[in-house]
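Data block for run_24.txt (compact mmCIF, C-alpha atoms):
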# COMPACT_ATOMS: atom_id res chain seq x y z
CA ASP A 1 -2.69 -4.08 -31.96
CA MET A 2 0.88 -3.48 -33.10
CA ASP A 3 0.17 -5.32 -36.37
CA ARG A 4 -2.96 -3.24 -36.99
CA GLU A 5 -1.03 -0.07 -36.26
CA TRP A 6 1.74 -1.15 -38.64
CA THR A 7 -0.73 -1.93 -41.43
CA GLY A 8 -2.64 1.30 -40.88
CA LYS A 9 -5.89 -0.39 -39.87
CA GLY A 10 -6.07 1.25 -36.46
CA GLN A 11 -5.51 4.64 -34.90
CA ASP A 12 -3.09 5.15 -32.00
CA LEU A 13 -3.25 1.43 -31.27
CA GLY A 14 0.50 1.32 -30.81
CA ASP A 15 0.24 3.84 -27.98
CA ARG A 16 -2.59 1.85 -26.44
CA TYR A 17 -0.50 -1.31 -26.59
CA PHE A 18 2.36 0.44 -24.83
CA ASP A 19 -0.02 1.72 -22.15
CA ARG A 20 -1.36 -1.78 -21.55
CA PHE A 21 2.21 -3.07 -21.34
CA LEU A 22 3.02 -0.49 -18.66
CA GLN A 23 -0.15 -1.34 -16.75
CA ARG A 24 0.72 -5.05 -16.83
CA LEU A 25 4.23 -4.21 -15.65
CA ARG A 26 2.74 -2.14 -12.82
CA ASN A 27 0.37 -4.93 -11.75
CA ARG A 28 3.16 -7.50 -11.74
CA ALA A 29 5.38 -5.20 -9.72
CA VAL A 30 2.56 -4.65 -7.21
CA SER A 31 2.18 -8.41 -6.83
CA GLY A 32 5.94 -8.86 -6.51
CA ILE A 33 6.44 -6.06 -3.98
CA LEU A 34 3.25 -6.33 -1.90
CA GLY A 35 2.43 -10.02 -2.39
CA ALA A 36 2.77 -12.15 0.76
CA ASN A 37 4.14 -9.07 2.52
CA PRO A 38 3.22 -9.31 6.23
CA GLY A 39 4.23 -5.70 6.87
CA VAL A 40 1.76 -4.30 4.34
CA ALA A 41 -0.97 -6.66 5.57
CA LEU A 42 -0.46 -5.51 9.16
CA MET A 43 -0.76 -1.88 8.07
CA GLN A 44 -4.12 -2.41 6.33
CA PRO A 45 -6.17 -2.44 9.58
CA LEU A 46 -4.85 1.06 10.29
CA GLY A 47 -7.67 2.08 7.97
CA VAL A 48 -10.01 1.39 10.91
CA MET A 49 -8.79 4.65 12.46
CA SER A 50 -9.74 6.52 9.31
CA LEU A 51 -13.30 5.17 9.60
CA THR A 52 -13.76 7.37 12.67
CA VAL A 53 -13.63 10.44 10.43
CA VAL A 54 -17.13 9.46 9.24
CA LEU A 55 -18.39 6.97 11.84
CA SER A 56 -18.63 7.42 15.59
CA PRO A 57 -15.32 6.49 17.27
CA MET A 58 -17.38 4.76 19.98
CA ASP A 59 -19.22 2.61 17.40
CA VAL A 60 -15.96 1.71 15.67
CA SER A 61 -14.37 0.80 19.00
CA ARG A 62 -17.35 -1.37 19.96
CA ALA A 63 -17.28 -3.06 16.56
CA MET A 64 -13.59 -3.81 16.97
CA GLY A 65 -14.15 -5.11 20.50
CA SER A 66 -16.93 -7.42 19.34
CA GLY A 67 -14.56 -9.12 16.89
CA ALA A 68 -16.46 -7.89 13.83
CA GLY A 69 -13.28 -7.79 11.76
CA ILE A 70 -12.99 -11.59 11.82
CA ASP A 71 -16.71 -12.38 11.94
CA LEU A 72 -17.20 -14.09 8.57
CA SER A 73 -20.95 -14.39 9.19
CA LEU A 74 -21.24 -10.68 8.36
CA ASP A 75 -20.12 -11.31 4.78
CA ALA A 76 -23.58 -12.48 3.68
CA GLU A 77 -25.12 -9.17 4.81
CA ILE A 78 -22.28 -7.11 3.38
CA ARG A 79 -22.62 -8.73 -0.05
CA GLU A 80 -26.16 -7.40 -0.32
CA SER A 81 -24.48 -4.08 -1.10
CA PRO A 82 -23.25 -4.13 -4.74
CA MET A 83 -20.45 -1.65 -3.94
CA LEU A 84 -19.12 -3.56 -0.93
CA ARG A 85 -19.58 -6.92 -2.66
CA GLN A 86 -17.44 -5.74 -5.55
CA ARG A 87 -14.83 -4.42 -3.14
CA MET A 88 -14.58 -7.73 -1.29
CA ASP A 89 -14.34 -9.63 -4.60
CA ALA A 90 -12.02 -7.19 -6.35
CA SER A 91 -8.33 -7.82 -6.70
CA PRO A 92 -6.22 -6.14 -3.98
CA ILE A 93 -3.97 -5.08 -6.87
CA SER A 94 -6.82 -2.85 -8.04
CA LEU A 95 -7.08 -1.24 -4.60
CA ALA A 96 -3.32 -0.71 -4.43
CA THR A 97 -3.21 0.94 -7.85
CA GLY A 98 -6.59 2.67 -7.85
CA ASP A 99 -7.58 0.72 -10.95
CA ALA A 100 -11.08 -0.74 -11.15
CA GLY A 101 -9.98 -3.30 -13.72
CA GLY A 102 -10.76 -6.97 -13.47
CA THR A 103 -12.56 -9.79 -15.19
CA PRO A 104 -16.34 -9.29 -14.78
CA GLY A 105 -18.09 -12.20 -13.12
CA ILE A 106 -21.43 -13.04 -11.58
CA TYR A 107 -20.57 -11.24 -8.36
CA GLY A 108 -18.86 -8.24 -9.93
CA THR A 109 -15.16 -7.71 -10.46
CA ARG A 110 -13.34 -10.96 -9.88
CA SER A 111 -9.95 -11.28 -8.33
CA GLN A 112 -6.71 -11.12 -10.29
CA GLY A 113 -3.49 -12.20 -8.61
CA GLN A 114 -5.54 -13.15 -5.54
CA LEU A 115 -3.21 -15.83 -4.13
CA PRO A 116 -0.12 -13.61 -3.64
CA MET A 117 -2.33 -10.84 -2.24
CA VAL A 118 -4.44 -12.99 0.07
CA LEU A 119 -2.98 -11.40 3.24
CA ILE A 120 -3.79 -7.88 2.07
CA SER A 121 -7.23 -8.94 0.88
CA ALA A 122 -8.04 -10.48 4.26
CA ALA A 123 -6.82 -7.37 6.09
CA ASP A 124 -8.89 -5.07 3.85
CA ASN A 125 -12.01 -7.19 4.37
CA PHE A 126 -11.32 -6.87 8.10
CA VAL A 127 -11.82 -3.10 7.75
CA VAL A 128 -15.00 -3.55 5.68
CA ARG A 129 -16.56 -5.80 8.35
CA VAL A 130 -15.73 -3.33 11.12
CA ALA A 131 -17.30 -0.52 9.05
CA TRP A 132 -20.44 -2.60 8.48
CA LYS A 133 -20.84 -3.45 12.17
CA ALA A 134 -20.31 0.17 13.26
CA ALA A 135 -22.75 1.36 10.58
CA LYS A 136 -25.33 -1.15 11.81
CA MET A 137 -25.03 0.21 15.35
CA LYS A 138 -25.69 3.72 14.08
CA ALA A 139 -28.62 2.57 11.91
CA GLU A 140 -30.25 0.75 14.83
CA ARG A 141 -30.06 3.93 16.93
CA THR A 142 -31.29 6.21 14.16
CA LEU A 143 -34.15 3.94 13.09
CA ALA A 144 -35.16 2.54 16.46
CA GLY A 145 -38.25 0.39 16.01
CA ALA A 146 -37.92 0.20 12.21
CA THR A 147 -38.20 -3.03 10.24
CA PRO A 148 -35.09 -5.21 9.76
CA GLU A 149 -35.19 -4.45 6.02
CA ALA A 150 -35.11 -0.69 6.63
CA ILE A 151 -32.21 -1.10 9.06
CA ARG A 152 -30.26 -3.19 6.52
CA LYS A 153 -30.71 -0.55 3.83
CA GLU A 154 -29.61 2.22 6.19
CA THR A 155 -26.63 0.11 7.34
CA ALA A 156 -25.56 -0.40 3.72
CA ARG A 157 -25.88 3.32 2.98
CA ILE A 158 -23.80 4.36 6.00
CA ALA A 159 -21.15 1.67 5.45
CA GLU A 160 -20.81 2.54 1.75
CA GLU A 161 -20.40 6.22 2.62
CA ALA A 162 -17.74 5.43 5.24
CA ILE A 163 -15.73 3.14 2.95
CA ALA A 164 -15.95 5.50 -0.03
CA ALA A 165 -14.95 8.52 2.05
CA THR A 166 -12.06 7.00 4.02
CA GLN A 167 -10.63 3.99 2.15
CA PRO A 168 -8.88 3.62 -1.24
CA THR A 169 -11.40 2.79 -3.92
CA GLY A 170 -11.55 2.21 -7.66
CA ASP A 171 -14.81 4.18 -7.88
CA PRO A 172 -14.06 7.19 -10.15
CA LEU A 173 -16.58 9.30 -8.22
CA HIS A 174 -14.37 9.01 -5.14
CA GLN A 175 -10.95 9.27 -6.78
CA SER A 176 -8.69 12.23 -7.32
CA ALA A 177 -8.32 13.67 -10.81
CA VAL A 178 -4.80 12.25 -11.15
CA GLY A 179 -6.10 8.87 -9.93
CA ARG A 180 -8.80 8.80 -12.61
CA GLU A 181 -6.31 9.78 -15.28
CA ALA A 182 -3.88 7.07 -14.16
CA ARG A 183 -6.54 4.42 -14.83
CA ARG A 184 -6.15 4.99 -18.57
CA ASN A 185 -2.55 6.19 -18.73
CA GLY A 186 0.04 3.48 -18.18
CA ALA A 187 2.97 5.86 -17.72
CA LEU A 188 1.13 7.98 -15.15
CA SER A 189 0.03 4.87 -13.28
CA LEU A 190 3.68 4.06 -12.57
CA LEU A 191 4.07 7.42 -10.82
CA THR A 192 0.90 7.06 -8.74
CA MET A 193 1.53 3.53 -7.44
CA PHE A 194 0.71 3.05 -3.76
CA SER A 195 -0.68 6.60 -3.52
CA SER A 196 -4.37 5.66 -3.26
CA GLN A 197 -4.46 6.14 0.51
CA LEU A 198 -2.41 9.33 0.20
CA SER A 199 -5.02 10.80 -2.15
CA LYS A 200 -7.82 9.64 0.15
CA ASN A 201 -6.13 11.27 3.15
CA TRP A 202 -5.89 14.54 1.27
CA ASN A 203 -9.55 14.24 0.31
CA MET A 204 -10.62 13.77 3.95
CA LEU A 205 -8.56 16.75 5.09
CA ALA A 206 -9.79 18.95 2.24
CA ARG A 207 -13.45 18.18 2.95
CA SER A 208 -13.07 18.81 6.67
CA THR A 209 -11.14 22.06 6.03
CA MET A 210 -13.76 23.37 3.58
CA ARG A 211 -16.54 22.53 6.03
CA ALA A 212 -14.78 24.41 8.83
CA SER A 213 -13.95 27.42 6.63
CA ARG A 214 -17.52 27.77 5.39
CA ALA A 215 -19.04 27.43 8.85
CA PRO A 216 -16.35 27.97 11.53
CA THR A 217 -18.52 26.68 14.36
CA PRO A 218 -16.94 25.06 17.42
CA ALA A 219 -18.25 21.69 16.25
CA ASN A 220 -16.70 21.99 12.78
CA LEU A 221 -13.40 23.30 14.13
CA SER A 222 -13.29 20.46 16.65
CA LYS A 223 -14.03 18.00 13.83
CA LEU A 224 -11.20 19.45 11.74
CA THR A 225 -8.77 19.08 14.64
CA TYR A 226 -9.85 15.48 15.15
CA ASP A 227 -9.57 14.63 11.45
CA VAL A 228 -6.06 16.08 11.24
CA ALA A 229 -5.04 14.09 14.31
CA VAL A 230 -6.43 10.85 12.88
CA VAL A 231 -5.21 11.25 9.31
CA VAL A 232 -1.76 12.66 10.03
CA ALA A 233 -0.69 11.78 13.55
CA ALA A 234 -2.45 8.46 14.13
CA ASN A 235 -1.62 7.01 10.73
CA SER A 236 2.01 8.11 11.02
CA ILE A 237 2.41 6.66 14.50
CA GLY A 238 0.55 3.46 13.63
CA ALA A 239 2.55 2.78 10.48
CA SER A 240 5.80 3.44 12.33
CA LEU A 241 4.90 1.08 15.15
CA VAL A 242 4.03 -1.71 12.72
CA ARG A 243 7.26 -1.24 10.80
CA GLN A 244 9.38 -1.27 13.94
CA LEU A 245 7.46 -4.25 15.30
CA ILE A 246 8.56 -6.24 12.26
CA GLN A 247 12.09 -4.91 12.62
CA GLN A 248 12.22 -6.00 16.24
CA ALA A 249 10.92 -9.46 15.29
CA ILE A 250 13.79 -9.79 12.81
CA SER A 251 16.20 -8.52 15.44
CA THR A 252 15.05 -11.27 17.81
CA VAL A 253 16.13 -13.85 15.25
CA GLY A 254 19.35 -12.37 14.02
CA GLY A 255 20.15 -9.08 15.70
CA ASP A 256 19.37 -5.44 15.03
CA ASP A 257 20.07 -4.23 11.49
CA ASP A 258 20.61 -0.66 12.58
CA ASP A 259 22.85 0.91 15.19
CA VAL A 260 20.24 3.63 15.70
CA LYS A 261 18.15 3.17 18.83
CA LEU A 262 14.54 2.07 18.54
CA GLN A 263 13.21 5.40 19.80
CA GLU A 264 15.20 7.31 17.20
CA ARG A 265 14.02 5.01 14.42
CA LEU A 266 10.42 5.51 15.54
CA VAL A 267 10.75 9.30 15.44
CA ARG A 268 12.43 9.15 12.03
CA ASP A 269 9.66 6.93 10.66
CA MET A 270 6.92 9.12 12.08
CA ILE A 271 8.41 12.22 10.46
CA ALA A 272 8.78 10.38 7.15
CA ASN A 273 5.17 9.14 7.29
CA ALA A 274 3.83 12.57 8.20
CA THR A 275 5.75 14.38 5.44
CA GLY A 276 4.70 11.60 3.07
CA MET A 277 1.21 13.04 3.43
CA ILE A 278 2.43 15.89 1.25
CA TYR A 279 2.93 15.44 -2.47
CA GLY A 280 6.66 15.64 -2.89
CA GLY A 281 7.05 14.82 0.81
CA ALA A 282 9.59 12.14 -0.06
CA TYR A 283 12.00 14.96 -0.90
CA LEU A 284 11.44 16.53 2.54
CA SER A 285 12.19 13.19 4.19
CA PHE A 286 15.23 12.79 1.95
CA LEU A 287 16.50 16.24 2.95
CA ALA A 288 15.88 15.71 6.67
CA ASP A 289 17.50 12.28 6.67
CA GLY A 290 20.55 13.58 4.82
CA ILE A 291 21.01 16.48 7.23
CA ALA A 292 20.47 14.26 10.29
CA SER A 293 23.09 11.77 9.09
CA GLY A 294 25.63 14.57 8.61
CA GLY A 295 26.38 13.30 5.13
CA SER A 296 27.77 10.07 6.60
CA LYS A 297 25.44 7.86 4.58
CA THR A 298 25.65 7.09 0.91
CA PHE A 299 22.19 7.09 -0.58
CA GLY A 300 20.40 7.82 -3.82
CA GLY A 301 17.60 10.26 -4.44
CA PRO A 302 13.98 9.88 -3.30
CA SER A 303 11.86 7.16 -4.84
CA VAL A 304 10.13 8.17 -8.06
CA SER A 305 8.29 4.92 -8.66
CA PRO A 306 8.48 1.44 -7.12
CA VAL A 307 8.87 0.02 -10.63
CA ALA A 308 11.76 2.40 -11.37
CA ASP A 309 13.42 1.53 -8.05
CA THR A 310 13.10 -2.19 -8.72
CA MET A 311 14.48 -1.84 -12.24
CA THR A 312 17.38 0.23 -10.89
CA GLN A 313 18.25 -2.51 -8.41
CA PHE A 314 18.03 -5.12 -11.16
CA PHE A 315 20.51 -3.26 -13.34
CA ARG A 316 22.78 -2.54 -10.38
CA GLY A 317 22.98 -6.27 -9.88
CA LEU A 318 23.98 -6.76 -13.52
CA ILE A 319 26.63 -4.04 -13.20
CA GLN A 320 27.94 -5.73 -10.06
CA ILE A 321 28.22 -9.01 -11.96
CA ALA A 322 30.02 -7.33 -14.84
CA ARG A 323 32.53 -5.66 -12.52
CA SER A 324 33.27 -8.81 -10.55
CA GLU A 325 36.09 -11.22 -11.27
CA GLY A 326 33.79 -14.14 -11.99
CA PRO A 327 32.05 -16.84 -9.94
CA LYS A 328 34.96 -16.99 -7.50
CA ASP A 329 34.30 -13.38 -6.50
CA GLU A 330 31.76 -12.78 -3.72
CA LYS A 331 30.51 -9.69 -5.53
CA PHE A 332 29.50 -11.88 -8.47
CA TRP A 333 27.01 -13.80 -6.31
CA GLN A 334 25.84 -10.67 -4.55
CA GLY A 335 25.04 -9.10 -7.91
CA MET A 336 23.42 -12.32 -9.09
CA GLU A 337 21.15 -12.41 -6.05
CA ARG A 338 20.22 -8.74 -6.38
CA SER A 339 19.38 -8.98 -10.08
CA MET A 340 17.42 -12.25 -9.73
CA VAL A 341 15.33 -11.05 -6.76
CA ASN A 342 14.37 -7.78 -8.46
CA PHE A 343 13.73 -9.52 -11.79
CA ALA A 344 11.36 -11.86 -9.95
CA ALA A 345 9.58 -8.88 -8.38
CA LEU A 346 9.09 -7.27 -11.80
CA ASN A 347 7.48 -10.51 -12.97
CA GLY A 348 4.98 -10.68 -10.13
CA VAL A 349 6.77 -13.20 -7.91
CA PRO A 350 6.34 -12.17 -4.22
CA VAL A 351 9.83 -11.55 -2.87
CA SER A 352 8.99 -10.22 0.59
CA PRO A 353 9.17 -13.63 2.36
CA TYR A 354 12.59 -14.29 0.84
CA ARG A 355 13.88 -10.84 1.77
CA LEU A 356 12.69 -11.13 5.37
CA LEU A 357 14.20 -14.60 5.75
CA ARG A 358 17.42 -13.55 4.03
CA LYS A 359 17.65 -10.51 6.25
CA ALA A 360 17.17 -12.47 9.47
CA LEU A 361 19.62 -15.21 8.45
CA SER A 362 22.20 -12.71 7.22
CA GLU A 363 22.06 -10.76 10.46
CA ASP A 364 22.33 -13.98 12.44
CA GLN A 365 25.42 -14.79 10.41
CA GLU A 366 26.69 -11.25 10.97
CA LYS A 367 26.92 -11.96 14.70
CA ARG A 368 29.38 -14.78 14.05
CA SER A 369 31.25 -13.17 11.17
CA THR A 370 34.37 -11.05 11.47
CA THR A 371 33.75 -9.42 8.09
CA LYS A 372 33.29 -5.67 8.40
CA ARG A 373 30.06 -5.48 6.41
CA THR A 374 27.06 -3.65 7.76
CA PRO A 375 24.07 -5.85 8.55
CA ARG A 376 22.02 -4.02 5.91
CA GLN A 377 24.64 -4.87 3.30
CA ALA A 378 24.63 -8.46 4.45
CA ALA A 379 20.85 -8.60 4.22
CA PHE A 380 20.54 -7.29 0.69
CA GLY A 381 23.79 -8.52 -0.75
CA THR A 382 25.29 -5.11 -1.45
This entry written out as structure tokens:
Amino acid sequence: DMDREWTGKGQDLGDRYFDRFLQRLRNRAVSGILGANPGVALMQPLGVMSLTVVLSPMDVSRAMGSGAGIDLSLDAEIRESPMLRQRMDASPISLATGDAGGTPGIYGTRSQGQLPMVLISAADNFVVRVAWKAAKMKAERTLAGATPEAIRKETARIAEEAIAATQPTGDPLHQSAVGREARRNGALSLLTMFSSQLSKNWNMLARSTMRASRAPTPANLSKLTYDVAVVVAANSIGASLVRQLIQQAISTVGGDDDDVKLQERLVRDMIANATGMIYGGAYLSFLADGIASGGSKTFGGPSVSPVADTMTQFFRGLIQIARSEGPKDEKFWQGMERSMVNFAALNGVPVSPYRLLRKALSEDQEKRSTTKRTPRQAAFGT
């Protein structure tokens, strides 16, 4: 493309090449940051709560209790739906970025980067199976006495509606305007990374609010209250509990990495997750955290893009190396580690397992060390 642009045989091909470069950089960073990340995988099933915005909470609870999420025998039925079959076969990178890209195959969009993302893929399919089972329960009630074929078609329709309305999807009909634009704009896609669920949450709240405003009946107002509770409160609390569960697991191995009590960390995380529902909410969390710390912490500004953050850490490592006194200086190896880990992440190498192990081992070493470094500094080599 660059050669054709240079020779004048194409139009705007240079820009298209740059966009594709940025999209490849984004996909590699997604694989590097989310790949083999147990924390992200554990948060995926939180999407089951969002299903109750469309499906009956009782049906979803019964589906969960029946073990539908791990019932692989449901996959054959689910794959009769082209939409759900494509979702189960699609790369988790596509779901994380809102991109419907992939190599077309017999069964739809085939996986790209599947191995590093296998945990997230399994967790997402868990949600799809629960949605299918709950939808089947509703279809059997609605079409009591109908033929099995009619029930299967109704189950597929209900499950597709629930997934499209409550879960991140690459379907342009169920994406936000900025999400659709990011599919063809590499630069914009870097700014919208990991915001698919955020956009979907806003969509659920907007639909419920419009329904209540047009017909403010007790039923619609009650539904709006429930949706707000599920989308904002439940997701915030659930994500915070998962994050602190992982933190406590690390603490069991090597000690707590934060002097702040567990309850305080939970409250801080819940506030951050709730304000993260708002576009620009990262700045509200940044402001609240800075005020709460009394200016005692040294921190940078809010995250603009995971790719930008990773690149910043890579260059900080290089600067640390340059400022050190050579291989005999501890800062040299700290900078080397920081730059190499973030360079690996930018190239699609999953770094989460290394970071978790490094963090646990560093904190374990911190217990025996007399060096006055904070555990967080020991964990990340800063």
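Using only C-alpha atoms, the smallest distance between any of A:Leu190, A:Ala212, A:Ala344, A:Ile321 and A:Leu22 comes from A:Leu190.
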As a check of understanding: the span from atom CA of A:Ser208 to atom CA of A:Val54 is 10.5 Å
Neighbours of point (-30.4, -1.1, 14.7) within 9 Å, using only C-alpha atoms, written as a list in words: Lys136, Met137, Lys138, Ala139, Glu140, Arg141, Thr142, Leu143, Ala144, Gly145, Ala146, Pro148, Ile151, Arg152 and Thr155 of chain A
Tell me which protein, DNA and RNA residues are within 7 Å of A:Leu51, counting all atoms listed in the file, leaving out same-chain ones fewer than 5 positions away, and put them as a list of chain:residue names. A:Ala131, A:Ala162, A:Thr166
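When the distance limit is 9 Å and only C-alpha atoms are what count, the residues near stretch 309-318 of chain A, minus those fewer than 6 positions from it on the same chain, are Ala29, Ser303, Phe332, Gln334, Gly335, Met336, Glu337, Arg338, Ser339, Met340, Val341, Asn342, Phe343, Ala345, Leu346 and Thr382 of chain A.
For the pair atom CA of A:Leu34 and atom CA of A:Leu119, the separation is 9.5 Å.
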